[in-house]
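Structure, as structure tokens:
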Amino acid sequence: MDLIESIHDIPVQNPSVEDFSASDLNWIKFGTPEHHDDVALIPYARAEEFIIGECSNVECPTRFHIERGRKRSLGSLMEFKSDEYLEYRLYWCSFGPENYGEGGIILPSRRYRLNTRNRAARPQSMRGCTCHFVIKRLYARPSLALIIYNNRRHVSKSGFICHGPLDRDAIGPGAKKIPYVGHEIQQQTMSMIYLGIPEENVLEKHIEGIQRYCGSDLKVNSIASQYVHKLGMIIKRSTHELDLDDQESVRIWAERNKKSIFYYRDASETEPFILGIQTEWQLQQMLRFGHRSLIAADSTFGIKRLKYPLCTLLVFDSRQHALPVAWVITRSVAKSDVCKWMKALLGRVRAVDPTWKVNGFIIDDAAVETDPIRETFSCPVLFSVWRVRRSWLRHVVKNCRNIEVQRQIFKRLGEIVYSIWGGVDPFLVLQKFIQDFVDQTDFMQYFNATWVPKIEMWLTTIKSLPLASQESSGAIESYHVKLKLKLFDDSHLGALQRVDWLVHKLTTELHSSYWLDRYADESDSFQTIKDEYVNSTSWHRASKIPNTNITLSPNTTKILSQTDTSRSHIVSNPGSEFAFCDCEWSLRGNICKHVVKVNTMCENLKGYQSSLSFHAFQEILVKMFEKPLDDSMDLDLSMAWLGQIHGQIEKLVELNKSTDIGTVVNGLPLKWNSKKKESEEEKIVAYKFKDGSTYLLMRTRVALGHQQNRLMLSLFSPKY
């Protein structure tokens with residue numbers, strides 16, 4: 001085989017078969033006499049088909065995972081060689097590189113991988129396979145990919161076949177006939193067992209999964225039955241108490257689960273306890289749904305009942321449901337401690353994707369330090385009022401028996417918050433509220449003791465930060481309710497003061513629940529679980545209420561029940577974030593579907609209160625247009641930002657009005673992106689200038705949705 005030193009002399013190969021492998025390509029030695037590799041040049045669009053073909057090796061069936069990856073943006077290099085990469089990915093057989101077999105060597109801590117679904121069946125199945133190759137998308141020719149095959153044989157370092165039908169040392173006496181149980185099948189089975197699904201149903205789904213890799217016969221079904229039964233027994237017998245001492249038990253768990261920890265610091269006399277948990281699946285979801293999107297925090301769960309409060313970081317998935325991607329267990333809210341675990345989390349994410357960036361961070365507690373968020377994530381901070389609303393509504397219902405009094409109190413509490421933008425002193429409104437309801441002793445005792453001392457801090461935060469929409473607030477609340485049911489509604493209430501119990505519940509039952517929800521939705525299986533997941537937020541349930549069931553009026557709105565038309569619900573103070581509904585779900589303090597539906601309909605109607613997020617949105621626009629008053633360069637900068645935002649809004653309006661998406665796409669400028677963005681339905685945003693020099697008024701047809709969050713971030717980003 002001749003040695004080629006110039007990449008321009010390598011021919012481009014494009015096999016006619018759909019999925020092709022190394023055997024379908026002609027390999028060329030490329031490099032220098034001292035150092036050269038076997039390479040092949042193919043269209044970059046067919047790189048995925050090559051990987052699929054390599055996974056279908058009859059002698060050694062496997063999957064390849066991304067062991068290492070790097071990216072560059074086009075135009076980042078002033079000078080470059082012909083074989084410089086735009087994207088670089090090292091693919092390794094999932095039965096390596098570690099060797100968990102007898103006498104094998106386990107590599108030290110390594111960087112986390114992007115795609116753990118392509119790992120081997122279990123970690124102990126890894127046998128030190130050395131088969132790996134590199135795919136380089138060429139910087140000078142982005143349409144082509146250079147494949148560098150470092151080792152084509154599925155052998156160990158000793159040169160022996162280490163997996164597949166030809167492996168004589170395979171685990172167990174019948175390894176060649178034992179069905180393949182991949183990570184996805186194993187996680188599915190474990191999730192179903194953790195959620196209490198009957199064993200016969202678990203076995204049925206397990207057999208369906210393994211039949212994708214091997215045919216159906218009695219022996220396979222028998223082995224699968226034994227596997228499911230044994231796995232169920234292991235899970236049922238597992239315990240959170242690895243040691244009688246809680247602190248030592250957590251240490252043991254941390255030592256055994258290093259891959260699921262991004263930050264750990266044991267308690268000492270000078271430093272508080274901090275445990276940051278993120279499984280590899282959660283890392284995938286953070287990479288997928290957090291990039292160029294929003295992260296939210298449910299920041300003070302269990303502050304009264306748990307040994308240490310729990311903070312959950314959430315992303316919003318493809319259905320805009322809140323998905324937990326990290327848990328932090330600590331009592332410390334010190335700026336230095338928060339910075340440490342936030343930077344550790346960001347470092348873990350960027351070790352996989354250096355281009356990963358978040359567009360906004362939603363907090364729900366006015367006491368939270370915002371500086372660590374801005375310093376770490378370099379993004380704007382939004383505030384969600386769901387926690388305030390929930391606390392007020394629950395105690396109004398609990399301490400006031402008359403429903404008319406409940407409606408009036410909750411409406412007046414909303415007026416305190418809305419007065420921030422009404423030109424009225426909020427503390428005068430607060431004083432008037434206390435005087436008018438002084439006879440409601442139970443509620444006023446709670447309000448004066450809990451909220452009056454800190455209400456200035458909360459109102460200042462609400463006024464100074466852009467506010468999150470009702471859709472995102474409802475999604476965060478939905479996660480909070482589910483977490484509360486999982487942790488507090490069982491027979492282990494006596495274990496609430498043990499951290500090891502909390503860790504066990506989070507990483508088993510709660511993690512399995514969300515994994516199965518996402519799997520059911522993406523694979524269109526487990527229809528009951530999928531339906532429950534889709535309708536788990538009030539926003540989605542509200543979308544199913546027909547407009548004909550609603551009778552609007554300025555003070556109260558009547559909504560007919562969808563299941564029983566003889567029943568109805570009354571929503572008072574419609575259009576406001578503090579609307580009051582008499583349904584059971586709302587009386588528990590939650591944002592119900594009736595309130596969401598009514599507020600969505602009232603958003604563009606005259607005579608109804610606008611949402612808090614819209615008021616904050618308008619306030620930002622007014623401030624941007626009014627500053628600066630002098631004719632300085634700051635005015636140029638402000639106008640430049642407004643021009644950019646104006647262009648984005650025009651594109652959204654055009655996208656909404658267009659009947660052919662192709663005409664809109666063809667009119668967009670060509671732009672190279674390092675990461676594909678998921679397609680998402682953009683909602684219309686209409687705009688109008690009033691009085692030219694007074695202010696810019698934004699109106700949105702779906703003003704409570706995530707689109708308003710994104711526009712607010714665009715407006716707020718110049719002044720983090």
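In the structure tokens, the first chain shown is A, the next is B, and so on; residue numbers restart at 1 for each chain, and ligands run from 1 in the order shown.
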
Task: Per-residue DSSP, range 200-317 of chain A, filtered to strand (DSSP E), as a list in words - done: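 Answer for range 200-317 of chain A restricted to strand (DSSP E) is Ile261, Phe262, Tyr263, Tyr264, Arg265, Ile274, Leu275, Gly276, Ile277, Leu294, Ile295, Ala296, Ala297, Asp298, Ser299, Thr300, Phe301, Leu310, Cys311, Thr312, Leu313, Leu314, Val315 and Phe316 of chain A.
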
Sort by chain and increasing residue number a table of all residues of range 481-563 of chain A within 12 Å of range 248-263 of chain A, each with its closest pair of atoms and their distance in Å to one decimal, counting only C-alpha atoms, and write it as JSON lines.
{"residue": "A:Arg498", "atom": "CA", "partner": "A:Val250", "partner_atom": "CA", "distance": 9.3}
{"residue": "A:Val499", "atom": "CA", "partner": "A:Val250", "partner_atom": "CA", "distance": 7.0}
{"residue": "A:Asp500", "atom": "CA", "partner": "A:Val250", "partner_atom": "CA", "distance": 5.4}
{"residue": "A:Trp501", "atom": "CA", "partner": "A:Val250", "partner_atom": "CA", "distance": 9.2}
{"residue": "A:Leu502", "atom": "CA", "partner": "A:Val250", "partner_atom": "CA", "distance": 10.1}
{"residue": "A:Val503", "atom": "CA", "partner": "A:Val250", "partner_atom": "CA", "distance": 8.3}
{"residue": "A:His504", "atom": "CA", "partner": "A:Trp253", "partner_atom": "CA", "distance": 9.2}
{"residue": "A:Leu506", "atom": "CA", "partner": "A:Ser260", "partner_atom": "CA", "distance": 11.7}
{"residue": "A:Thr507", "atom": "CA", "partner": "A:Ser260", "partner_atom": "CA", "distance": 9.1}
{"residue": "A:His511", "atom": "CA", "partner": "A:Ser260", "partner_atom": "CA", "distance": 11.9}

Could you save the residues just selected, with all heavy atoms, as an mmCIF file, in the first residue's frame?
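Listed below is the output, selection_9.cif:
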data_model
loop_
_atom_site.group_PDB
_atom_site.id
_atom_site.type_symbol
_atom_site.label_atom_id
_atom_site.label_comp_id
_atom_site.auth_asym_id
_atom_site.auth_seq_id
_atom_site.Cartn_x
_atom_site.Cartn_y
_atom_site.Cartn_z
ATOM 1 N N ARG A 498 -32.112 11.442 57.785
ATOM 2 C CA ARG A 498 -30.925 10.754 57.278
ATOM 3 C C ARG A 498 -30.674 11.167 55.827
ATOM 4 O O ARG A 498 -31.565 11.089 54.975
ATOM 5 C CB ARG A 498 -31.084 9.239 57.364
ATOM 6 C CG ARG A 498 -31.024 8.686 58.783
ATOM 7 C CD ARG A 498 -30.979 7.173 58.756
ATOM 8 N NE ARG A 498 -29.777 6.643 58.154
ATOM 9 C CZ ARG A 498 -28.727 6.197 58.834
ATOM 10 N NH1 ARG A 498 -28.730 6.234 60.166
ATOM 11 N NH2 ARG A 498 -27.679 5.707 58.199
ATOM 12 N N VAL A 499 -29.435 11.596 55.551
ATOM 13 C CA VAL A 499 -29.083 12.022 54.194
ATOM 14 C C VAL A 499 -29.016 10.824 53.259
ATOM 15 O O VAL A 499 -29.390 10.917 52.087
ATOM 16 C CB VAL A 499 -27.738 12.778 54.204
ATOM 17 C CG1 VAL A 499 -27.342 13.205 52.793
ATOM 18 C CG2 VAL A 499 -27.820 13.998 55.105
ATOM 19 N N ASP A 500 -28.538 9.669 53.765
ATOM 20 C CA ASP A 500 -28.424 8.496 52.891
ATOM 21 C C ASP A 500 -29.788 8.050 52.370
ATOM 22 O O ASP A 500 -29.906 7.576 51.238
ATOM 23 C CB ASP A 500 -27.696 7.353 53.598
ATOM 24 C CG ASP A 500 -28.366 6.946 54.904
ATOM 25 O OD1 ASP A 500 -29.407 7.535 55.267
ATOM 26 O OD2 ASP A 500 -27.853 6.027 55.575
ATOM 27 N N TRP A 501 -30.831 8.215 53.177
ATOM 28 C CA TRP A 501 -32.186 7.890 52.722
ATOM 29 C C TRP A 501 -32.621 8.817 51.586
ATOM 30 O O TRP A 501 -33.181 8.376 50.581
ATOM 31 C CB TRP A 501 -33.167 7.997 53.889
ATOM 32 C CG TRP A 501 -34.605 7.896 53.484
ATOM 33 C CD1 TRP A 501 -35.339 6.767 53.291
ATOM 34 C CD2 TRP A 501 -35.489 8.990 53.187
ATOM 35 N NE1 TRP A 501 -36.620 7.085 52.896
ATOM 36 C CE2 TRP A 501 -36.736 8.437 52.826
ATOM 37 C CE3 TRP A 501 -35.340 10.372 53.202
ATOM 38 C CZ2 TRP A 501 -37.825 9.232 52.481
ATOM 39 C CZ3 TRP A 501 -36.425 11.171 52.850
ATOM 40 C CH2 TRP A 501 -37.656 10.592 52.496
ATOM 41 N N LEU A 502 -32.345 10.114 51.746
ATOM 42 C CA LEU A 502 -32.708 11.091 50.720
ATOM 43 C C LEU A 502 -31.975 10.791 49.412
ATOM 44 O O LEU A 502 -32.577 10.801 48.327
ATOM 45 C CB LEU A 502 -32.369 12.501 51.204
ATOM 46 C CG LEU A 502 -32.592 13.643 50.208
ATOM 47 C CD1 LEU A 502 -34.051 13.712 49.779
ATOM 48 C CD2 LEU A 502 -32.143 14.974 50.810
ATOM 49 N N VAL A 503 -30.696 10.496 49.493
ATOM 50 C CA VAL A 503 -29.907 10.167 48.305
ATOM 51 C C VAL A 503 -30.474 8.927 47.616
ATOM 52 O O VAL A 503 -30.600 8.878 46.381
ATOM 53 C CB VAL A 503 -28.430 9.949 48.689
ATOM 54 C CG1 VAL A 503 -27.642 9.389 47.511
ATOM 55 C CG2 VAL A 503 -27.805 11.243 49.180
ATOM 56 N N HIS A 504 -30.824 7.919 48.417
ATOM 57 C CA HIS A 504 -31.360 6.678 47.869
ATOM 58 C C HIS A 504 -32.682 6.925 47.135
ATOM 59 O O HIS A 504 -32.894 6.406 46.022
ATOM 60 C CB HIS A 504 -31.566 5.671 49.006
ATOM 61 C CG HIS A 504 -32.071 4.333 48.559
ATOM 62 N ND1 HIS A 504 -31.273 3.407 47.939
ATOM 63 C CD2 HIS A 504 -33.317 3.770 48.629
ATOM 64 C CE1 HIS A 504 -31.978 2.326 47.646
ATOM 65 N NE2 HIS A 504 -33.226 2.526 48.058
ATOM 66 N N LEU A 506 -33.776 9.736 45.791
ATOM 67 C CA LEU A 506 -33.577 10.555 44.599
ATOM 68 C C LEU A 506 -33.018 9.737 43.440
ATOM 69 O O LEU A 506 -33.487 9.846 42.302
ATOM 70 C CB LEU A 506 -32.628 11.723 44.913
ATOM 71 C CG LEU A 506 -33.133 12.795 45.876
ATOM 72 C CD1 LEU A 506 -32.027 13.791 46.174
ATOM 73 C CD2 LEU A 506 -34.350 13.517 45.328
ATOM 74 N N THR A 507 -31.992 8.931 43.726
ATOM 75 C CA THR A 507 -31.271 8.228 42.661
ATOM 76 C C THR A 507 -31.944 6.930 42.226
ATOM 77 O O THR A 507 -31.509 6.326 41.244
ATOM 78 C CB THR A 507 -29.833 7.921 43.104
ATOM 79 O OG1 THR A 507 -29.860 7.182 44.339
ATOM 80 C CG2 THR A 507 -29.053 9.213 43.315
ATOM 81 N N HIS A 511 -35.441 9.284 40.093
ATOM 82 C CA HIS A 511 -34.684 9.211 38.847
ATOM 83 C C HIS A 511 -35.353 8.245 37.866
ATOM 84 O O HIS A 511 -35.508 8.541 36.672
ATOM 85 C CB HIS A 511 -33.254 8.768 39.150
ATOM 86 C CG HIS A 511 -32.366 8.714 37.946
ATOM 87 N ND1 HIS A 511 -32.308 7.611 37.110
ATOM 88 C CD2 HIS A 511 -31.501 9.613 37.427
ATOM 89 C CE1 HIS A 511 -31.444 7.843 36.138
ATOM 90 N NE2 HIS A 511 -30.941 9.047 36.309
#

Open item on the list: Just checking: using only C-alpha atoms, which residue out of A:Met192, A:Val328, A:Val598, A:Leu413 ends up closest to Asn549 in chain A?
Closed with: A:Val598

Open item on the list: Between A:Ala47, A:Val596, A:Cys162, A:Val39, which residue has the minimum interatomic distance to Cys93 in chain A, considering only C-alpha atoms?
Closed with: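 So, comparing all the options, the nearest one is A:Cys162.
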
- [ ] Considering only C-alpha atoms, state which residue in the set A:Phe580, A:Ser268, A:Arg389, A:Trp281 is at the smallest distance from Gln408 in chain A.
- [x]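 Smallest separation from Gln408 in chain A among the options: A:Phe580.
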
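Nearest residue to Gln13 in chain A, choosing from A:Leu144, A:Ile185, A:Ile193, A:Leu203 and counting only C-alpha atoms: A:Leu144.
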
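Using only C-alpha atoms for every distance, the candidate list A:Leu621, A:Val358, A:Leu74, A:Met126 yields A:Val358 as the residue closest to His291 in chain A.
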
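Distance check against Val202 in chain A using only C-alpha atoms: of A:Trp451, A:Phe160, A:Phe526, A:Trp585, the minimum falls on A:Phe526.
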
Contact check, range 317-394 of chain A to range 540-547 of chain A, at most 12 Å, counting only C-alpha atoms, closest pairs as CSV:
residue,atom,partner,partner_atom,distance
A:Arg319,CA,A:His540,CA,8.9
A:Gln320,CA,A:His540,CA,9.4
A:His321,CA,A:His540,CA,9.4
